[in-house]
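These notes concern the structure reproduced below.
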Amino acid sequence: EKENVVTIHYQASFINGEVYDSSIEKEPVSFPLNAPRGTIKGLHEGIELMSIGDQYKFYIPAKLAYGNSSPEGSPIPAGSTLIFVVELISLSTFDGTQL
């Protein structure tokens with residue numbers, strides 16, 4: 001499958017509503033959708049369902065996020081369910097062609 005680059009705005013929070021990461025006040029984030037460590041599995045699977053301009057809220061269980069380990073230096077406790085609000089801004093190929 002061809003490697004596509006997605007550009008999103010996101011807000012990430014814990015189940016209690018505490019926001020721990022967000023691109024909203026900053027630049028949108030771009031990453032290869034199919035990179036092995038491009039993003040967590042649950043977010044990858046969710047973004048694949050989106051069309052440009054969509055805004056979705058995903059509830060991602062730990063097994064589709066970081067499981068029972070916490071990313072090094074991260075505020076995310078092991079076993080956390082994460083909530084992502086994602087806006088899909090663009091989808092392009094690696095050479096920049098918009099899809």
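The chains in the structure tokens are called A, B, ... from first to last as shown; in each chain the residues are counted from 1, and the ligands are counted from 1 in the order shown.
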
As a PDB file with C-alpha atoms, in the first residue's frame, please: all residues of stretch 4-59 of chain A that backbone DSSP puts in helix (DSSP H, G or I).
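File written: selection-v2.pdb
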```
ATOM      1  CA  LYS A  41      -2.954   1.960  16.395  1.00  0.00           C
ATOM      2  CA  GLY A  42      -6.358   3.287  17.458  1.00  0.00           C
ATOM      3  CA  LEU A  43      -5.689   6.732  16.023  1.00  0.00           C
ATOM      4  CA  HIS A  44      -4.317   5.266  12.798  1.00  0.00           C
ATOM      5  CA  GLU A  45      -7.433   3.123  12.380  1.00  0.00           C
ATOM      6  CA  GLY A  46      -9.722   6.072  13.124  1.00  0.00           C
ATOM      7  CA  ILE A  47      -8.018   8.488  10.725  1.00  0.00           C
TER       8      ILE A  47
END
```

Could you list, as a ChimeraX atom specification, every residue within 6 Å of stretch 78-94 of chain A, counting only C-alpha atoms and ignoring same-chain residues fewer than 4 positions away?
/A:4-14,52-62,67-70,98-99

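Distances to A:Gly96 were evaluated for A:Pro32, A:Lys26, A:Lys63, A:Gly17 using only C-alpha atoms, and the minimum falls at A:Pro32.
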
Which of stretch 3-98 of chain A fall in strand (DSSP E), as a PyMOL selection string:
chain A and resi 4-14+19-22+29-32+55-60+82-93

In Å, with one decimal, what is the gap from atom CA of A:Thr97 to atom CA of A:Phe31?
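One can read the atom CA of A:Thr97 to atom CA of A:Phe31 distance as 14.6 Å.
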